[in-house]
Structure formats: C-alpha cells, structure tokens
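**Q** Below is the file model_4.cif, with mmCIF, C-alpha atoms.
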data_model
#
loop_
_atom_site.label_atom_id
_atom_site.label_comp_id
_atom_site.auth_asym_id
_atom_site.auth_seq_id
_atom_site.Cartn_x
_atom_site.Cartn_y
_atom_site.Cartn_z
CA MET A 30 93.94 118.11 65.49
CA SER A 31 92.31 118.05 68.92
CA ALA A 32 89.68 115.57 70.09
CA GLU A 33 87.21 115.66 72.97
CA PHE A 34 87.51 113.28 75.90
CA VAL A 35 85.68 112.59 79.14
CA LEU A 36 87.50 111.62 82.32
CA THR A 37 85.46 110.12 85.14
CA LEU A 38 86.89 109.11 88.48
CA SER A 39 86.12 108.31 92.09
CA CYS A 40 88.53 108.16 94.99
CA PRO A 41 88.75 108.76 98.73
CA ASP A 42 87.82 112.37 99.41
CA ARG A 43 90.92 114.41 100.24
CA PRO A 44 92.34 117.85 99.44
CA GLY A 45 94.14 118.36 96.15
CA VAL A 46 92.31 115.97 93.83
CA VAL A 47 90.85 118.65 91.55
CA ALA A 48 94.13 120.58 91.54
CA ALA A 49 96.05 117.44 90.60
CA VAL A 50 93.70 116.57 87.73
CA SER A 51 93.47 120.11 86.35
CA GLY A 52 97.22 120.53 86.70
CA LEU A 53 97.86 117.37 84.70
CA LEU A 54 95.45 118.49 81.99
CA ALA A 55 97.01 121.95 81.84
CA GLY A 56 100.45 120.40 81.60
CA LYS A 57 99.31 118.38 78.59
CA GLY A 58 97.88 121.48 76.89
CA CYS A 59 94.28 120.32 77.35
CA ASN A 60 91.31 122.69 77.45
CA ILE A 61 88.61 121.93 80.02
CA ILE A 62 85.13 122.28 78.51
CA GLU A 63 82.99 121.06 81.40
CA SER A 64 83.75 119.95 84.94
CA GLN A 65 81.43 118.58 87.65
CA GLN A 66 82.25 117.13 91.03
CA PHE A 67 80.60 115.68 94.14
CA GLY A 68 81.89 114.70 97.55
CA ASP A 69 79.80 112.04 99.31
CA PRO A 70 79.94 113.09 102.99
CA VAL A 71 78.66 109.72 104.21
CA GLU A 72 81.00 107.46 102.24
CA GLU A 73 83.78 110.10 102.24
CA ARG A 74 84.29 109.48 98.54
CA PHE A 75 84.90 112.03 95.79
CA PHE A 76 83.48 111.89 92.25
CA LEU A 77 84.59 113.91 89.24
CA ARG A 78 83.66 114.20 85.57
CA VAL A 79 85.80 116.38 83.30
CA GLN A 80 85.19 116.92 79.60
CA PHE A 81 88.15 118.38 77.75
CA SER A 82 89.80 118.74 74.37
CA SER A 83 93.33 117.57 73.70
CA GLY A 84 95.76 117.01 70.88
CA SER A 85 97.19 113.97 72.67
CA ALA A 86 96.19 110.38 71.91
CA ALA A 87 93.86 108.53 74.26
CA ASP A 88 96.47 105.92 75.21
CA GLU A 89 98.97 108.65 76.08
CA LEU A 90 96.43 110.38 78.31
CA ARG A 91 95.48 107.13 80.03
CA ALA A 92 99.14 106.46 80.81
CA GLU A 93 99.47 109.92 82.35
CA PHE A 94 96.37 109.45 84.51
CA ALA A 95 97.45 105.98 85.60
CA SER A 96 100.36 107.40 87.59
CA LEU A 97 98.08 110.01 89.18
CA ALA A 98 95.49 107.35 89.95
CA ALA A 99 98.03 105.33 91.92
CA GLU A 100 98.88 108.35 94.06
CA TYR A 101 95.25 109.20 94.90
CA ALA A 102 93.76 105.66 94.86
CA MET A 103 91.53 106.63 91.96
CA ASP A 104 89.21 104.45 89.95
CA PHE A 105 89.19 106.26 86.62
CA GLN A 106 88.04 105.87 83.04
CA LEU A 107 88.88 107.92 79.97
CA PHE A 108 86.53 108.04 76.98
CA ASP A 109 86.97 109.40 73.47
CA LEU A 110 83.69 111.17 72.63
CA ALA A 111 84.20 110.44 68.93
CA VAL A 112 83.55 106.78 69.75
CA ARG A 113 79.81 106.21 70.14
CA THR A 114 78.42 103.70 72.62
CA ARG A 115 77.38 100.53 70.82
CA VAL A 116 74.04 99.23 72.14
CA LEU A 117 72.34 95.84 71.91
CA VAL A 118 68.62 96.18 72.70
CA LEU A 119 66.65 93.29 74.19
CA VAL A 120 62.88 93.44 73.83
CA SER A 121 59.82 91.20 74.06
CA ARG A 122 56.47 92.26 72.58
CA PHE A 123 55.97 95.82 73.89
CA ASP A 124 57.33 98.15 71.22
CA HIS A 125 57.12 101.66 72.72
CA CYS A 126 60.60 101.87 74.29
CA LEU A 127 62.30 100.24 71.30
CA ASN A 128 60.51 102.51 68.84
CA ASP A 129 61.41 105.57 70.91
CA LEU A 130 65.10 104.64 71.07
CA LEU A 131 65.28 103.89 67.34
CA TYR A 132 63.60 107.20 66.50
CA ARG A 133 65.85 109.22 68.82
CA VAL A 134 68.97 107.66 67.33
CA ARG A 135 67.84 108.25 63.74
CA SER A 136 66.91 111.85 64.59
CA GLY A 137 70.30 112.55 66.13
CA LEU A 138 68.79 112.99 69.60
CA LEU A 139 70.63 110.10 71.24
CA PRO A 140 74.42 109.72 70.92
CA ILE A 141 74.52 105.94 70.57
CA GLU A 142 74.63 103.32 67.84
CA ILE A 143 72.03 100.56 68.09
CA VAL A 144 73.97 97.69 66.58
CA ALA A 145 71.26 95.01 66.88
CA VAL A 146 67.99 94.05 68.54
CA ALA A 147 67.31 90.62 70.03
CA SER A 148 63.97 89.29 71.23
CA ASN A 149 62.34 86.17 72.57
CA HIS A 150 59.49 86.87 70.12
CA PRO A 151 59.48 87.60 66.35
CA ASP A 152 56.88 90.40 66.54
CA LEU A 153 59.15 93.45 66.34
CA ARG A 154 61.30 92.34 63.42
CA PRO A 155 59.48 94.61 60.88
CA LEU A 156 59.84 97.68 63.12
CA THR A 157 63.52 97.02 63.78
CA GLN A 158 64.43 96.27 60.18
CA SER A 159 62.59 99.40 58.97
CA TYR A 160 65.41 101.29 60.70
CA GLY A 161 68.06 99.13 59.03
CA VAL A 162 69.00 97.36 62.27
CA ASP A 163 69.68 93.62 62.56
CA TYR A 164 67.03 91.60 64.40
CA HIS A 165 67.65 88.28 66.15
CA HIS A 166 64.80 86.03 67.31
CA LEU A 167 66.01 84.04 70.30
CA PRO A 168 63.11 82.00 71.77
CA VAL A 169 63.46 81.02 75.41
CA THR A 170 61.92 78.55 77.84
CA ALA A 171 62.95 77.62 81.35
CA GLU A 172 64.87 74.67 79.93
CA THR A 173 66.61 76.61 77.16
CA LYS A 174 67.39 79.77 79.15
CA PRO A 175 71.14 79.01 79.67
CA ARG A 176 71.60 78.39 75.94
CA GLN A 177 69.58 81.48 74.99
CA GLU A 178 71.61 83.69 77.33
CA ALA A 179 74.79 82.27 75.84
CA GLU A 180 73.48 83.34 72.42
CA ILE A 181 72.88 86.86 73.76
CA LEU A 182 76.44 87.02 75.06
CA THR A 183 77.65 85.85 71.65
CA LEU A 184 75.77 88.79 70.10
CA VAL A 185 77.37 91.15 72.62
CA ASP A 186 80.79 89.92 71.52
CA HIS A 187 79.94 89.79 67.81
CA TYR A 188 78.62 93.35 67.69
CA GLN A 189 81.17 94.60 70.26
CA ALA A 190 78.29 96.05 72.26
CA ASP A 191 79.27 98.36 75.11
CA LEU A 192 75.78 98.44 76.61
CA VAL A 193 72.72 96.18 76.73
CA VAL A 194 69.34 97.90 77.11
CA LEU A 195 66.31 95.96 78.29
CA ALA A 196 63.57 97.89 76.49
CA ARG A 197 60.69 96.04 78.16
CA TYR A 198 62.41 92.68 77.88
CA MET A 199 60.10 90.50 79.93
CA GLN A 200 62.73 88.00 81.03
CA VAL A 201 64.79 87.89 84.22
CA LEU A 202 68.52 87.71 83.57
CA SER A 203 70.39 85.00 85.44
CA GLU A 204 72.96 85.82 88.12
CA GLU A 205 75.70 84.60 85.78
CA MET A 206 74.49 86.92 83.02
CA CYS A 207 74.30 89.88 85.40
CA ALA A 208 77.82 89.20 86.64
CA LYS A 209 79.29 89.00 83.13
CA LEU A 210 77.64 92.27 82.10
CA ALA A 211 77.94 94.14 85.42
CA GLY A 212 77.48 97.89 84.94
CA ARG A 213 76.60 97.36 81.27
CA VAL A 214 72.86 96.58 81.40
CA ILE A 215 70.07 99.14 81.84
CA ASN A 216 66.47 98.12 82.54
CA ILE A 217 63.18 100.05 82.58
CA HIS A 218 60.04 99.21 84.54
CA HIS A 219 57.06 100.87 86.18
CA SER A 220 57.77 102.51 89.53
CA PHE A 221 55.06 100.78 91.56
CA LEU A 222 57.49 98.08 92.69
CA PRO A 223 57.52 96.44 95.18
CA SER A 224 53.74 97.09 95.04
CA PHE A 225 51.55 95.78 92.22
CA LYS A 226 53.82 92.96 91.11
CA GLY A 227 52.87 90.59 88.33
CA ALA A 228 50.37 91.02 85.54
CA LYS A 229 48.39 94.20 84.81
CA PRO A 230 50.08 96.53 87.31
CA TYR A 231 48.13 99.54 86.03
CA HIS A 232 44.84 97.75 86.63
CA GLN A 233 46.02 96.97 90.16
CA ALA A 234 47.01 100.61 90.62
CA TYR A 235 43.63 101.79 89.31
CA SER A 236 41.78 99.60 91.79
CA ARG A 237 43.82 101.16 94.61
CA GLY A 238 43.21 104.72 93.42
CA VAL A 239 46.85 105.75 93.07
CA LYS A 240 47.62 109.42 92.55
CA LEU A 241 51.14 109.11 91.12
CA ILE A 242 52.53 106.70 88.54
CA GLY A 243 56.07 106.52 87.26
CA ALA A 244 58.95 104.66 85.65
CA THR A 245 62.42 103.71 86.84
CA ALA A 246 65.57 103.10 84.78
CA HIS A 247 68.35 101.31 86.62
CA TYR A 248 71.41 99.14 86.19
CA VAL A 249 70.67 95.42 86.33
CA THR A 250 72.06 93.36 89.20
CA PRO A 251 71.22 89.87 90.51
CA ASP A 252 68.80 91.59 92.94
CA LEU A 253 65.69 91.74 90.75
CA ASP A 254 64.66 95.34 89.93
CA GLU A 255 66.83 96.67 92.78
CA GLY A 256 69.93 97.80 90.89
CA PRO A 257 71.38 101.33 91.18
CA ILE A 258 68.78 103.82 89.94
CA ILE A 259 69.78 106.12 87.08
CA GLU A 260 66.57 108.01 86.37
CA GLN A 261 62.92 108.14 87.42
CA GLU A 262 59.93 109.94 85.91
CA VAL A 263 56.50 110.52 87.47
CA ALA A 264 53.09 111.89 86.50
CA ARG A 265 50.09 112.85 88.63
CA VAL A 266 46.85 111.01 87.85
CA ASN A 267 43.35 111.00 89.30
CA HIS A 268 40.05 109.13 89.44
CA THR A 269 39.11 110.13 85.88
CA HIS A 270 41.94 108.07 84.39
CA SER A 271 41.01 104.55 83.31
CA PRO A 272 43.45 101.63 83.57
CA GLU A 273 44.12 102.08 79.86
CA ASP A 274 44.86 105.79 80.44
CA LEU A 275 47.29 104.91 83.21
CA ALA A 276 49.05 102.37 81.01
CA ALA A 277 49.36 104.91 78.17
CA ILE A 278 50.80 107.54 80.50
CA GLY A 279 53.11 104.91 81.94
CA ARG A 280 54.42 104.01 78.49
CA ASP A 281 55.39 107.64 77.87
CA LEU A 282 57.11 107.83 81.25
CA GLU A 283 59.06 104.66 80.52
CA CYS A 284 60.28 106.07 77.19
CA GLN A 285 61.39 109.33 78.79
CA ALA A 286 63.19 107.75 81.74
CA LEU A 287 64.91 105.10 79.62
CA ALA A 288 66.07 107.58 76.97
CA ARG A 289 67.59 109.88 79.60
CA ALA A 290 69.30 106.97 81.38
CA VAL A 291 70.80 105.70 78.12
CA ARG A 292 71.91 109.21 77.14
CA TRP A 293 73.58 109.88 80.47
CA HIS A 294 75.33 106.51 80.36
CA ALA A 295 76.50 107.11 76.79
CA GLU A 296 77.77 110.58 77.72
CA HIS A 297 79.60 109.06 80.71
CA ARG A 298 77.61 111.09 83.22
CA VAL A 299 76.75 108.18 85.54
CA LEU A 300 79.16 107.05 88.25
CA LEU A 301 78.40 104.20 90.63
CA ASP A 302 78.46 104.99 94.34
CA GLY A 303 77.86 101.66 96.02
CA HIS A 304 74.20 100.74 95.51
CA LYS A 305 73.32 104.18 94.16
CA THR A 306 74.54 106.48 91.40
CA VAL A 307 76.05 109.92 91.06
CA ILE A 308 74.64 111.69 87.99
CA PHE A 309 76.32 114.69 86.36
CA PRO A 310 73.63 115.88 83.89
CA ARG A 311 73.98 118.84 81.58
#
Go ahead and render the structure in this file as structure tokens.

**A**
Amino acid sequence: MSAEFVLTLSCPDRPGVVAAVSGLLAGKGCNIIESQQFGDPVEERFFLRVQFSSGSAADELRAEFASLAAEYAMDFQLFDLAVRTRVLVLVSRFDHCLNDLLYRVRSGLLPIEIVAVASNHPDLRPLTQSYGVDYHHLPVTAETKPRQEAEILTLVDHYQADLVVLARYMQVLSEEMCAKLAGRVINIHHSFLPSFKGAKPYHQAYSRGVKLIGATAHYVTPDLDEGPIIEQEVARVNHTHSPEDLAAIGRDLECQALARAVRWHAEHRVLLDGHKTVIFPR
C-alpha cells in the first residue's frame, strides 16, 4: 500500500538538483503528485517541495535522501502526510482566532490536530472544552514568567506538539523560549507595526485616518514581531468606518491570515530563507 509524503529541501543553487531528486524518486518507484521550486538569485540558494506517493517506508526514504543530501549540501525534511501536525494553542482573552481555528479543524478545513489550549486567563475554557479540547489555565506575572514558560514547554512535551500557535496570546515569549521552539511558533498581530504600538491600535489608526488595515502571521523569534513573515492580509477602509468597525474588520483579517499560515506550515509549504520565507501554496 502506498502512502503520500512531502520532501522539502534547500541547498546551494547548482545544475542537476531537480534531476537528482526526481531520479531518486523514480528509482524507488515513487509517483510525483506535485512539485514546486524556487531559486533565490540573491542568496544563490535553491528551494524545492515535492509531494509524492510511495510504497517505501519513511525511514527507508530518509536514508536514501541522506546520501543525496551529502552530495548536494542539502538541508532536507521528509514528512508523512498521514501524520497530522499536532498543535498547542496559546491564547489570552480574545477568542476570535481560537474559535476560528477550532471550527476549521472540526469542519475538516484545516489539516491539523489541536491537542490542547493554554491561557494566562480562564475565560476561554468553556469555548475550548465545547470542542472536546483540553484547556490549561497558566497565570503569569513578571515574577512567575520563567516558571509559567516551563509549564508551557512541559505541555509541548506532554502532548508531543509539533507547533505552537499564538492565537492572540498577549504575552511576549522569552529569548530562551523562542530558542527552544525555533521554527515551531506562529504568531498573529495587526499589520500597523511598528506604528500604533500599545493599547487600542485601531483607535490610533482611526485618529490618523488610515486607508488600509491588515494582519501579519509570522514565525516567532527573539526580535519582537519581526520574525519571518508567512502570510499577510489587508482590507481597504475609509472615513465612514468607526474604530469599532476597524477592529471588527481586523479580527476577520487576523483569522484569515493565521489560518492560512497554519495550513501552509502543516502542509509543509513554508521554507525558511534567512529572515524571510519561501511559500509554495496550492
């Protein structure tokens, strides 16, 4: 019985990479279903995502690619698409992104498994548990932050979470936390940054008469809100929109951008290219 896999890789750009990969797959009797590639002309680096079916086991395929990777200086990963990405969601009091993710998963629109939700507030326990998902209340203060983050990492290990999603989690992760979960944390925020920092950004935007508002989903790094961007969404607004209207539109944009970022990550369509990303969407 065949299974579907995704191979992602990056390496120095040189002739023969695609031929070498496709030749190996053909030699193993694999059938390529989808293939996308990109050569970064500035960094002179090549990126490839190949989705294929195979009757071989994942470990056998990884061993085959390991020898090829050594020859071409490849950084590669191989994923079995039958294994869903396990997600731990962190949230504070805003419920729109969490509710959207839970609904998309239950409706079969998002290929992930939300294994648990953790929050520094108890407010969203009823919503979370209505979907049959475990909820963990982990209060935090400046003094207890190291201990609270250690509890989050314990949840990551306990639930074997592959990805942590900050669904409007209004806490800044420490540098140590970011380092331990590098490439495994996605955040969502409004796209006014670095403008309109702090409280009530939509009220600030209203007072300045902005004409575009948006949302940005990105990987979390120690540089606050400056990690590699995965997805952005925008909407045009005008003088007739109140601050409350802007905030409502912004909530929808945040849900859309975050859901797409999580989907693309779970489908292994996001490759890191330094401080930016290469996205291979459908």

**Q** Of the candidates A:Leu184, A:Val79, A:Met30, A:Val249, which shows the shortest atom-to-atom distance to A:Leu54, using all atoms listed in the file?

**A**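 Checking each of A:Leu184, A:Val79, A:Met30, A:Val249 against A:Leu54, counting all atoms listed in the file, the winner is A:Val79.
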
**Q** Determine, counting all atoms listed in the file, which protein, DNA and RNA residues have an atom within 8 Å of an atom of A:Ala246; residues of the same chain fewer than 6 positions away are not included. Present the result as a compact mmCIF listing (two decimals) with C-alpha atoms, keeping the file's coordinate frame.

**A**
# COMPACT_ATOMS: atom_id res chain seq x y z
CA ILE A 215 70.07 99.14 81.84
CA ASN A 216 66.47 98.12 82.54
CA ILE A 217 63.18 100.05 82.58
CA HIS A 218 60.04 99.21 84.54
CA ILE A 258 68.78 103.82 89.94
CA ILE A 259 69.78 106.12 87.08
CA GLU A 260 66.57 108.01 86.37
CA GLN A 261 62.92 108.14 87.42
CA GLU A 283 59.06 104.66 80.52
CA ALA A 286 63.19 107.75 81.74
CA LEU A 287 64.91 105.10 79.62
CA ALA A 290 69.30 106.97 81.38

**Q** Please enumerate the residues selected by the PyMOL selection byres ((chain A and resi 207) around 12) when evaluated against the supplied file, formatted as a PyMOL selection string.

**A** chain A and resi 178+182+193+201-206+208-216+248-254+256

**Q** Would you write out those residues with C-alpha atoms, as a PDB file, in the coordinates of the input?

**A**
ATOM      1  CA  GLU A 178      71.610  83.690  77.330  1.00  0.00           C
ATOM      2  CA  LEU A 182      76.440  87.020  75.060  1.00  0.00           C
ATOM      3  CA  VAL A 193      72.720  96.180  76.730  1.00  0.00           C
ATOM      4  CA  VAL A 201      64.790  87.890  84.220  1.00  0.00           C
ATOM      5  CA  LEU A 202      68.520  87.710  83.570  1.00  0.00           C
ATOM      6  CA  SER A 203      70.390  85.000  85.440  1.00  0.00           C
ATOM      7  CA  GLU A 204      72.960  85.820  88.120  1.00  0.00           C
ATOM      8  CA  GLU A 205      75.700  84.600  85.780  1.00  0.00           C
ATOM      9  CA  MET A 206      74.490  86.920  83.020  1.00  0.00           C
ATOM     10  CA  ALA A 208      77.820  89.200  86.640  1.00  0.00           C
ATOM     11  CA  LYS A 209      79.290  89.000  83.130  1.00  0.00           C
ATOM     12  CA  LEU A 210      77.640  92.270  82.100  1.00  0.00           C
ATOM     13  CA  ALA A 211      77.940  94.140  85.420  1.00  0.00           C
ATOM     14  CA  GLY A 212      77.480  97.890  84.940  1.00  0.00           C
ATOM     15  CA  ARG A 213      76.600  97.360  81.270  1.00  0.00           C
ATOM     16  CA  VAL A 214      72.860  96.580  81.400  1.00  0.00           C
ATOM     17  CA  ILE A 215      70.070  99.140  81.840  1.00  0.00           C
ATOM     18  CA  ASN A 216      66.470  98.120  82.540  1.00  0.00           C
ATOM     19  CA  TYR A 248      71.410  99.140  86.190  1.00  0.00           C
ATOM     20  CA  VAL A 249      70.670  95.420  86.330  1.00  0.00           C
ATOM     21  CA  THR A 250      72.060  93.360  89.200  1.00  0.00           C
ATOM     22  CA  PRO A 251      71.220  89.870  90.510  1.00  0.00           C
ATOM     23  CA  ASP A 252      68.800  91.590  92.940  1.00  0.00           C
ATOM     24  CA  LEU A 253      65.690  91.740  90.750  1.00  0.00           C
ATOM     25  CA  ASP A 254      64.660  95.340  89.930  1.00  0.00           C
ATOM     26  CA  GLY A 256      69.930  97.800  90.890  1.00  0.00           C
TER      27      GLY A 256
END

**Q** Selection in question (the file shown): the PyMOL selection byres ((chain A and resi 111) around 8). Which residues does it include, as number ranges by chain?

**A** A: 32-33, 109-110, 112-113

**Q** Taking all atoms listed in the file into account, name the residue in A:Pro70, A:Ala171, A:Ala196, A:Phe123 that is nearest to A:Val146.

**A**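 Residue with the minimum atom-to-atom distance to A:Val146: A:Ala196.
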